[in-house]
Amino acid sequence: MSWTQEKAQETLLQVQKKAESDAAFREKLKTNPNAAIEEIAGIQVPAGFKINIVDANDADLTIALPKTKSDELSDADLESVAGGKSAGEVFGDVAAGLGAAAPLLILL
C-alpha cells in the first residue's frame, strides 16, 4: 500500500480522532510523529518527510509560511512533473513538490 491522497486524509482524521481521547497516543505524536502516524496508517512515512505536531491546547495561532519561490525548478519538482503526478497525490509527492524541508502541520 502507498500514500494516496485518500489514505493521507483518512489517516489524518484517524490521528486527530485518536489524539482527542488517548493521552499516550497524543504524547507519542508530540515526541515521535512519524512512528505514531505509521502506527495508525500501517505504512511508512517517506524518508525526509517532516511532520510537525502542534498541540492546539498550547498554541494560539500557527502560521505556516509557503516555500519561497525561485525561477528554477528543483530536481524534486522536475521529477514530480515528469511523473505526471500532482504534488498532493501522495505524502512523498508533497515532500518532493514543496521541498523536503516543507513540513506537514497537524493541529491536535
# chains A, B, ... in the order shown; residues from 1 in each chain; ligands from 1
call {"tool": "residues_around", "arguments": {"residues": "segment 15-29 of chain A", "least_positions_apart": "2", "cutoff": "10 Å", "atoms": "only C-alpha atoms", "output": "mmCIF file with C-alpha atoms, in the first residue's frame"}}
result
data_model
loop_
_atom_site.group_PDB
_atom_site.id
_atom_site.type_symbol
_atom_site.label_atom_id
_atom_site.label_comp_id
_atom_site.auth_asym_id
_atom_site.auth_seq_id
_atom_site.Cartn_x
_atom_site.Cartn_y
_atom_site.Cartn_z
ATOM 1 C CA GLN A 9 -6.798 12.284 4.509
ATOM 2 C CA GLU A 10 -8.152 9.138 6.147
ATOM 3 C CA THR A 11 -5.035 8.820 8.311
ATOM 4 C CA LEU A 12 -5.171 12.473 9.340
ATOM 5 C CA LEU A 13 -8.775 12.079 10.508
ATOM 6 C CA THR A 31 7.616 13.157 20.575
ATOM 7 C CA ASN A 32 7.700 10.844 17.537
ATOM 8 C CA PRO A 33 5.056 11.891 14.999
ATOM 9 C CA ASN A 34 6.275 9.610 12.197
ATOM 10 C CA ALA A 35 6.035 6.500 14.385
ATOM 11 C CA ALA A 36 2.589 7.493 15.678
ATOM 12 C CA ILE A 37 1.288 8.126 12.163
ATOM 13 C CA GLU A 39 1.042 3.080 13.726
ATOM 14 C CA ILE A 40 -2.319 4.411 12.510
ATOM 15 C CA ALA A 41 -1.670 4.169 8.764
ATOM 16 C CA ILE A 51 5.807 16.245 10.218
ATOM 17 C CA ASN A 52 5.286 18.963 12.825
ATOM 18 C CA ILE A 53 2.683 18.458 15.521
ATOM 19 C CA VAL A 54 1.233 21.483 17.284
ATOM 20 C CA ASP A 55 -0.962 20.941 20.321
ATOM 21 C CA ILE A 106 -1.100 18.717 12.163
ATOM 22 C CA LEU A 107 -3.087 20.517 14.854
ATOM 23 C CA LEU A 108 -4.313 18.354 17.719
#
call {"tool": "atom_distance", "arguments": {"atom1": "atom CA of Lys7 of chain A", "atom2": "atom CA of Ile43 of chain A"}}
result
10.0 Å
